[in-house]
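Structure file entry29.txt; described as compact mmCIF, C-alpha atoms.
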```txt
# COMPACT_ATOMS: atom_id res chain seq x y z
CA MET A 22 109.65 -261.82 69.34
CA LEU A 23 109.46 -259.15 66.61
CA LYS A 24 106.82 -257.30 68.61
CA ASN A 25 109.10 -257.22 71.66
CA SER A 26 112.03 -255.76 69.72
CA LYS A 27 109.98 -252.69 68.78
CA GLY A 28 111.41 -249.52 70.37
CA VAL A 29 114.70 -251.17 71.31
CA GLY A 30 116.55 -248.64 69.15
CA LEU A 31 115.02 -245.79 71.09
CA ILE A 32 115.98 -247.37 74.39
CA ILE A 33 119.57 -247.80 73.18
CA VAL A 34 119.67 -244.17 72.06
CA LEU A 35 118.25 -242.94 75.35
CA ALA A 36 120.72 -245.09 77.29
CA SER A 37 123.60 -243.68 75.21
CA ILE A 38 122.42 -240.13 75.84
CA LEU A 39 122.12 -240.87 79.53
CA LEU A 40 125.70 -242.14 79.51
CA MET A 41 126.91 -239.00 77.71
CA VAL A 42 125.02 -236.79 80.14
CA ALA A 43 126.62 -238.70 83.02
CA PHE A 44 130.10 -238.04 81.53
CA ALA A 45 129.24 -234.37 81.02
CA SER A 46 127.97 -234.11 84.61
CA VAL A 47 131.25 -235.47 85.90
CA GLY A 48 133.09 -232.90 83.72
CA ILE A 49 130.91 -230.05 85.02
CA SER A 50 131.36 -231.22 88.60
CA PHE A 51 135.19 -231.34 88.23
CA THR A 52 135.25 -227.94 86.54
CA LEU A 53 133.08 -226.29 89.18
CA SER A 54 135.08 -227.72 92.07
CA ASN A 55 138.26 -226.54 90.30
CA TYR A 56 136.74 -223.10 89.84
CA TYR A 57 135.94 -222.77 93.55
CA LEU A 58 139.34 -224.13 94.50
CA VAL A 59 141.12 -221.63 92.23
CA HIS A 60 139.04 -218.76 93.63
CA HIS A 61 140.04 -219.79 97.14
CA ILE A 62 143.71 -219.96 96.10
CA VAL A 63 143.68 -216.53 94.42
CA ASP A 64 141.59 -214.81 97.11
CA GLY A 65 143.63 -216.61 99.76
CA THR A 66 146.87 -215.23 98.28
CA ARG A 67 145.44 -211.70 98.18
CA GLY A 68 143.90 -212.12 101.63
CA PHE A 69 147.16 -213.33 103.13
CA TYR A 70 149.01 -210.09 102.32
CA LEU A 71 146.02 -208.02 103.43
CA ALA A 72 145.84 -209.85 106.77
CA ASP A 73 149.60 -209.38 107.11
CA ALA A 74 149.10 -205.65 106.48
CA GLY A 75 146.49 -205.72 109.26
CA VAL A 76 149.06 -207.20 111.67
CA LYS A 77 151.49 -204.42 110.70
CA ARG A 78 148.78 -201.85 111.29
CA ALA A 79 148.18 -203.36 114.75
CA ILE A 80 151.92 -203.24 115.52
CA TYR A 81 151.95 -199.56 114.60
CA LYS A 82 148.96 -198.99 116.93
CA VAL A 83 150.58 -200.86 119.83
CA LYS A 84 153.75 -198.79 119.35
CA SER A 85 151.60 -195.64 119.45
CA GLY A 86 149.86 -196.78 122.64
CA ASN A 87 146.51 -197.27 120.90
CA PHE A 88 145.13 -200.71 121.67
CA THR A 89 141.62 -200.43 120.23
CA SER A 90 140.34 -203.06 117.83
CA GLU A 91 139.06 -201.78 114.52
CA THR A 92 138.05 -202.54 110.94
CA TRP A 93 140.68 -201.08 108.67
CA ASN A 94 140.29 -200.66 104.92
CA PHE A 95 143.38 -201.48 102.91
CA GLY A 96 143.54 -202.22 99.18
CA GLY A 97 139.76 -201.82 98.99
CA VAL A 98 139.17 -204.64 101.50
CA ASP A 99 137.99 -204.41 105.11
CA ILE A 100 140.36 -206.07 107.54
CA ALA A 101 139.16 -206.87 111.08
CA ILE A 102 141.96 -206.16 113.54
CA THR A 103 141.66 -207.28 117.18
CA ILE A 104 144.21 -206.35 119.83
CA ASN A 105 143.98 -208.17 123.19
CA PRO A 106 146.34 -207.48 126.11
CA ASP A 107 148.04 -210.63 127.40
CA GLY A 108 150.20 -209.77 130.41
CA SER A 109 152.87 -207.42 129.17
CA ASN A 110 152.30 -208.55 125.59
CA TYR A 111 149.51 -208.05 123.06
CA ASP A 112 147.75 -210.71 121.01
CA ILE A 113 146.78 -209.54 117.55
CA ILE A 114 144.23 -211.22 115.28
CA SER A 115 143.93 -209.88 111.74
CA VAL A 116 141.19 -211.25 109.48
CA SER A 117 140.66 -210.32 105.84
CA THR A 118 137.50 -211.37 104.00
CA LEU A 119 137.26 -210.94 100.25
CA GLY A 120 135.93 -212.28 96.99
CA SER A 121 132.55 -213.59 95.89
CA LEU A 122 133.13 -216.71 98.00
CA ASN A 123 133.98 -214.67 101.13
CA THR A 124 137.39 -216.26 101.50
CA THR A 125 138.86 -215.40 104.89
CA LYS A 126 142.49 -215.36 105.85
CA THR A 127 143.52 -215.03 109.48
CA ILE A 128 146.92 -214.20 110.94
CA LYS A 129 147.53 -214.30 114.67
CA ALA A 130 150.52 -212.54 116.17
CA THR A 131 151.93 -211.60 119.54
CA VAL A 132 153.95 -208.45 120.13
CA ASP A 133 155.47 -206.84 123.20
CA SER A 134 154.70 -203.28 124.29
CA THR A 135 157.47 -201.92 122.04
CA GLY A 136 155.84 -203.54 119.01
CA LYS A 137 158.50 -206.26 118.69
CA LEU A 138 157.06 -209.32 116.99
CA LEU A 139 157.25 -212.37 119.26
CA GLU A 140 154.99 -214.76 117.36
CA TRP A 141 153.39 -214.77 113.93
CA GLN A 142 151.00 -217.53 112.91
CA PRO A 143 148.95 -217.63 109.70
CA GLU A 144 145.92 -219.93 109.73
CA MET B 10 97.54 -257.88 55.26
CA ALA B 11 100.92 -259.39 56.05
CA ALA B 12 102.51 -257.02 53.53
CA ARG B 13 100.90 -254.01 55.24
CA ILE B 14 102.24 -255.06 58.64
CA ALA B 15 105.70 -255.52 57.18
CA LEU B 16 105.46 -252.07 55.59
CA ASN B 17 104.42 -250.56 58.91
CA ARG B 18 107.35 -252.20 60.67
CA LYS B 19 109.79 -250.77 58.08
CA SER B 20 108.38 -247.27 58.47
CA LEU B 21 108.54 -247.56 62.26
CA THR B 22 112.22 -248.47 62.04
CA LEU B 23 112.86 -245.46 59.83
CA LEU B 24 110.99 -243.24 62.28
CA GLU B 25 113.05 -244.68 65.11
CA ILE B 26 116.24 -243.91 63.23
CA LEU B 27 115.15 -240.35 62.55
CA VAL B 28 114.12 -239.76 66.17
CA SER B 29 117.37 -241.37 67.33
CA CYS B 30 119.42 -239.13 65.03
CA LEU B 31 117.58 -236.07 66.30
CA LEU B 32 118.02 -237.00 69.95
CA ILE B 33 121.67 -237.91 69.51
CA SER B 34 122.33 -234.66 67.64
CA ILE B 35 120.76 -232.60 70.43
CA ALA B 36 122.69 -234.53 73.06
CA VAL B 37 126.00 -234.30 71.17
CA ILE B 38 125.66 -230.55 70.63
CA GLY B 39 124.91 -230.05 74.33
CA ILE B 40 127.75 -232.27 75.44
CA TYR B 41 130.20 -230.69 72.97
CA ASN B 42 129.35 -227.26 74.42
CA THR B 43 129.84 -228.61 77.92
CA PHE B 44 133.28 -229.95 77.06
CA ALA B 45 134.20 -226.70 75.28
CA TRP B 46 133.16 -224.83 78.45
CA THR B 47 135.19 -227.11 80.73
CA ASP B 48 138.19 -226.63 78.42
CA THR B 49 137.83 -222.82 78.60
CA MET B 50 137.41 -222.94 82.35
CA SER B 51 140.54 -225.05 82.80
CA ILE B 52 142.51 -222.38 80.87
CA VAL B 53 140.96 -219.61 83.00
CA ASN B 54 141.78 -221.53 86.19
CA ARG B 55 145.35 -222.24 85.08
CA CYS B 56 145.96 -218.56 84.27
CA GLN B 57 144.54 -217.43 87.62
CA VAL B 58 146.68 -219.83 89.64
CA GLN B 59 149.83 -218.96 87.68
CA ALA B 60 149.14 -215.22 88.04
CA ALA B 61 148.62 -215.55 91.81
CA ASP B 62 151.83 -217.57 92.05
CA PHE B 63 153.89 -215.06 90.07
CA GLY B 64 152.42 -212.16 92.02
CA LYS B 65 153.27 -213.87 95.30
CA GLU B 66 156.83 -214.52 94.12
CA LEU B 67 157.49 -210.82 93.44
CA MET B 68 155.67 -209.69 96.59
CA GLU B 69 157.89 -211.96 98.70
CA GLN B 70 161.01 -210.44 97.07
CA LEU B 71 159.77 -206.91 97.81
CA MET B 72 158.74 -207.72 101.38
CA LEU B 73 162.29 -208.85 102.17
CA ILE B 74 163.82 -205.50 101.17
CA LYS B 75 164.71 -203.04 103.93
CA TYR B 76 162.20 -200.22 104.30
CA SER B 77 164.81 -197.52 103.63
CA ASP B 78 166.04 -199.29 100.46
CA LEU B 79 162.59 -199.75 98.92
CA ASP B 80 162.61 -196.46 96.99
CA ASP B 81 165.91 -197.10 95.26
CA ILE B 82 165.52 -200.77 94.57
CA VAL B 83 165.16 -202.05 91.02
CA ILE B 84 163.97 -205.63 90.61
CA ALA B 85 165.71 -206.85 87.47
CA ASP B 86 163.48 -209.89 86.86
CA LYS B 87 160.20 -208.21 87.71
CA ASP B 88 158.53 -209.38 84.49
CA LEU B 89 157.14 -212.88 84.09
CA PRO B 90 159.69 -215.58 83.28
CA VAL B 91 160.10 -216.42 79.60
CA GLY B 92 158.76 -219.88 78.90
CA SER B 93 155.82 -219.56 81.26
CA ALA B 94 152.45 -220.11 79.60
CA LEU B 95 151.10 -216.90 81.11
CA LYS B 96 153.77 -214.81 79.34
CA ASP B 97 154.17 -216.70 76.09
CA VAL B 98 150.62 -217.81 75.37
CA PHE B 99 148.56 -215.19 77.20
CA SER B 100 150.81 -212.09 76.72
CA GLY B 101 151.17 -211.74 80.48
CA SER B 102 153.21 -209.15 82.31
CA ARG B 103 154.05 -208.33 85.92
CA THR B 104 154.63 -204.90 87.44
CA TYR B 105 155.05 -203.46 90.91
CA ASN B 106 154.59 -200.08 92.50
CA ILE B 107 155.75 -198.73 95.85
CA THR B 108 154.06 -195.68 97.34
CA GLU B 109 154.32 -193.87 100.63
CA ASN B 110 151.09 -193.72 102.66
CA PRO B 111 149.82 -190.15 102.23
CA GLY B 112 148.43 -190.00 105.79
CA ALA B 113 150.14 -189.39 109.12
CA GLU B 114 150.84 -193.08 109.63
CA GLN B 115 154.19 -193.89 108.06
CA TYR B 116 154.32 -197.03 105.94
CA LYS B 117 154.79 -198.06 102.33
CA ILE B 118 152.17 -199.70 100.14
CA ILE B 119 153.48 -202.35 97.77
CA THR B 120 151.26 -203.14 94.80
CA VAL B 121 152.02 -206.09 92.54
CA THR B 122 149.93 -206.44 89.38
CA VAL B 123 149.91 -209.43 87.07
CA THR B 124 148.00 -208.92 83.81
CA TRP B 125 147.26 -211.26 80.93
CA LYS B 126 144.89 -211.68 78.01
CA GLU B 127 142.25 -214.37 77.71
CA LYS B 128 140.57 -214.47 74.30
CA GLY B 129 141.33 -210.76 73.82
CA VAL B 130 139.98 -209.77 77.24
CA ASN B 131 142.40 -208.21 79.74
CA LYS B 132 142.53 -209.92 83.12
CA ASN B 133 144.57 -209.05 86.17
CA ILE B 134 145.32 -209.92 89.75
CA VAL B 135 146.45 -207.19 92.14
CA LEU B 136 148.19 -207.94 95.43
CA TYR B 137 148.55 -205.28 98.13
CA GLY B 138 151.20 -205.43 100.82
CA ARG B 139 152.31 -203.13 103.60
CA LEU B 140 155.79 -202.49 104.93
CA ASN B 141 156.38 -200.69 108.24
CA PRO B 142 159.56 -198.65 108.86
```

Now that the file is in, can you turn its structure into structure tokens?
Amino acid sequence: MLKNSKGVGLIIVLASILLMVAFASVGISFTLSNYYLVHHIVDGTRGFYLADAGVKRAIYKVKSGNFTSETWNFGGVDIAITINPDGSNYDIISVSTLGSLNTTKTIKATVDSTGKLLEWQPE
Amino acid sequence: MAARIALNRKSLTLLEILVSCLLISIAVIGIYNTFAWTDTMSIVNRCQVQAADFGKELMEQLMLIKYSDLDDIVIADKDLPVGSALKDVFSGSRTYNITENPGAEQYKIITVTVTWKEKGVNKNIVLYGRLNP
């Protein structure tokens, strides 16, 4: 009986440490997921206004009779602007990609040939 | 002989206690640092989200202003609201700037900057917006 109880203390200690490590792992996991979420929120907010600027750039181009798609740099970020003719209207897709997590924000819009905004849809 | 075994058992228990103390100390130090890190990160995350929110709030106000009025406009409550943690605890501030595009293409660039201090280190979030005539 006494022989069997040898080392029980060590097992209890190791089990306690394992429990603490499990708690810490949960804490780290929550913190990391929060960190990524916050980065997406912040980069998403920045990206939203940049993508919106891309749509405005496309509207300016349509008004000027220039319908070529391009990558436009604004605020230090490259924004992919696509202009597709759709009947008498033009479909615009503006995509900004930024941050270490490559957060993308896309805004789709439709304008007529005068540049009047008919539809504006963030994704 | 029996006395020697008993003595050995006592010393083993003492060794166990010492090893246990050592292991627990190492584990507690590691776990304390982990919790201190998660605490710091939660503050960092909270500041970032608040800053993005406050920046967005001002940007929305500026985006609603007519293009021709943008130069003359003065936003009275441009700074961060009193009572917000970002202003009171982290010495945060919010500013905006409106500039005309220097190129041939006519538009205005709106820049909203939210700055704050985290443990003496300056942090900021900058939002860029565009307004067509």

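Between Tyr116 of chain B and the residues B:Ile134, B:Ile84, B:Leu79, B:Leu95, the shortest atom-to-atom distance, using all atoms listed in the file, involves B:Leu79.
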
Pull the closest atom pair for each residue of chain A that gets at most 7 Å from chain B, along with the distance in Å to one decimal, counting all atoms listed in the file, ordering rows by chain and then ascending residue number, as JSON lines.
```
{"residue": "A:Gly30", "atom": "CA", "partner": "B:Glu25", "partner_atom": "CA", "distance": 6.7}
{"residue": "A:Leu31", "atom": "CA", "partner": "B:Ser29", "partner_atom": "CA", "distance": 6.3}
{"residue": "A:Val34", "atom": "CA", "partner": "B:Ser29", "partner_atom": "CA", "distance": 6.0}
{"residue": "A:Ile38", "atom": "CA", "partner": "B:Ala36", "partner_atom": "CA", "distance": 6.3}
{"residue": "A:Ala45", "atom": "CA", "partner": "B:Ile40", "partner_atom": "CA", "distance": 6.1}
{"residue": "A:Gly48", "atom": "CA", "partner": "B:Thr47", "partner_atom": "CA", "distance": 6.8}
{"residue": "A:Ile49", "atom": "CA", "partner": "B:Thr47", "partner_atom": "CA", "distance": 6.7}
{"residue": "A:Thr52", "atom": "CA", "partner": "B:Thr47", "partner_atom": "CA", "distance": 5.9}
{"residue": "A:Tyr56", "atom": "CA", "partner": "B:Asn54", "partner_atom": "CA", "distance": 6.4}
{"residue": "A:Val59", "atom": "CA", "partner": "B:Asn54", "partner_atom": "CA", "distance": 6.1}
{"residue": "A:Val63", "atom": "CA", "partner": "B:Ala61", "partner_atom": "CA", "distance": 5.7}
{"residue": "A:Thr66", "atom": "CA", "partner": "B:Ala61", "partner_atom": "CA", "distance": 6.7}
{"residue": "A:Arg67", "atom": "CA", "partner": "B:Leu136", "partner_atom": "CA", "distance": 5.4}
{"residue": "A:Tyr70", "atom": "CA", "partner": "B:Gly138", "partner_atom": "CA", "distance": 5.4}
{"residue": "A:Leu71", "atom": "CA", "partner": "B:Gly138", "partner_atom": "CA", "distance": 6.4}
{"residue": "A:Ala74", "atom": "CA", "partner": "B:Arg139", "partner_atom": "CA", "distance": 5.0}
{"residue": "A:Lys77", "atom": "CA", "partner": "B:Asn141", "partner_atom": "CA", "distance": 6.6}
{"residue": "A:Gly96", "atom": "CA", "partner": "B:Tyr137", "partner_atom": "CA", "distance": 6.0}
```

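Counting from atom CA of Gly75 of chain A, the distance to atom CA of Pro143 of chain A is 12.2 Å.
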
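Across the model, the gap from atom CA of Ile104 of chain A to atom CA of Phe88 of chain A is 6.0 Å.
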
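Candidate residues A:Asn110, A:Thr131, A:Thr118, A:Thr124 were compared for distance to Phe95 of chain A, and the nearest is A:Thr118, using only C-alpha atoms.
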
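In this structure, atom CA of Asp64 of chain A sits 8.6 Å away from atom CA of Asn123 of chain A.
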
Radius query 7 Å about (154.7, -204.8, 125.2), atoms used: all atoms listed in the file, as a PyMOL selection string: chain A and resi 109-111+132-136

Name the residues in contact with Asp88 of chain B at a cut-off of 7 Å, using only C-alpha atoms, excluding same-chain residues fewer than 2 positions from it; report them as a ChimeraX atom specification. /B:86,90,102-104

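Nearest-residue note for Val83 of chain A: choosing from A:Leu53, A:Leu58, A:Ile113, A:Val42, the minimum distance belongs to A:Ile113, counting all atoms listed in the file.
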
Using only C-alpha atoms, pick whichever of B:Ile82, B:Gly101, B:Ile107, B:Lys117 has the shortest atom-to-atom distance to Val130 of chain B. B:Gly101

With 6 Å of padding per side, what axis-aligned box (centre and edge lengths, Å, one decimal) covers all the listed atoms of segment 65-74 of chain A? Give it as AutoDock Vina command-line options.
```
--center_x 146.6 --center_y -211.1 --center_z 102.6 --size_x 18.0 --size_y 23.0 --size_z 20.9
```

Could I get segment 74-88 of chain B rebuilt with N, CA and C atoms, written as a compact mmCIF listing (two decimals), in the coordinates of the input?
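Below is the file result-v8.txt, written as the result:
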```txt
# COMPACT_ATOMS: atom_id res chain seq x y z
N ILE B 74 162.93 -206.66 101.32
CA ILE B 74 163.82 -205.50 101.17
C ILE B 74 163.64 -204.56 102.37
N LYS B 75 164.76 -203.98 102.79
CA LYS B 75 164.71 -203.04 103.93
C LYS B 75 163.85 -201.84 103.56
N TYR B 76 163.12 -201.34 104.52
CA TYR B 76 162.20 -200.22 104.30
C TYR B 76 162.90 -199.04 103.63
N SER B 77 164.10 -198.70 104.14
CA SER B 77 164.81 -197.52 103.63
C SER B 77 165.34 -197.74 102.20
N ASP B 78 165.51 -199.01 101.81
CA ASP B 78 166.04 -199.29 100.46
C ASP B 78 164.95 -199.41 99.41
N LEU B 79 163.70 -199.45 99.85
CA LEU B 79 162.59 -199.75 98.92
C LEU B 79 162.47 -198.75 97.76
N ASP B 80 162.78 -197.47 98.04
CA ASP B 80 162.61 -196.46 96.99
C ASP B 80 163.62 -196.61 95.87
N ASP B 81 164.83 -197.05 96.24
CA ASP B 81 165.91 -197.10 95.26
C ASP B 81 166.02 -198.45 94.55
N ILE B 82 165.33 -199.40 95.08
CA ILE B 82 165.52 -200.77 94.57
C ILE B 82 164.94 -200.95 93.16
N VAL B 83 165.67 -201.70 92.34
CA VAL B 83 165.16 -202.05 91.02
C VAL B 83 165.19 -203.57 90.92
N ILE B 84 164.04 -204.17 90.75
CA ILE B 84 163.97 -205.63 90.61
C ILE B 84 164.20 -205.95 89.13
N ALA B 85 165.32 -206.59 88.87
CA ALA B 85 165.71 -206.85 87.47
C ALA B 85 164.73 -207.82 86.79
N ASP B 86 164.33 -208.88 87.50
CA ASP B 86 163.48 -209.89 86.86
C ASP B 86 162.03 -209.73 87.31
N LYS B 87 161.57 -208.47 87.25
CA LYS B 87 160.20 -208.21 87.71
C LYS B 87 159.14 -208.78 86.76
N ASP B 88 159.50 -208.86 85.47
CA ASP B 88 158.53 -209.38 84.49
C ASP B 88 158.39 -210.90 84.63
```
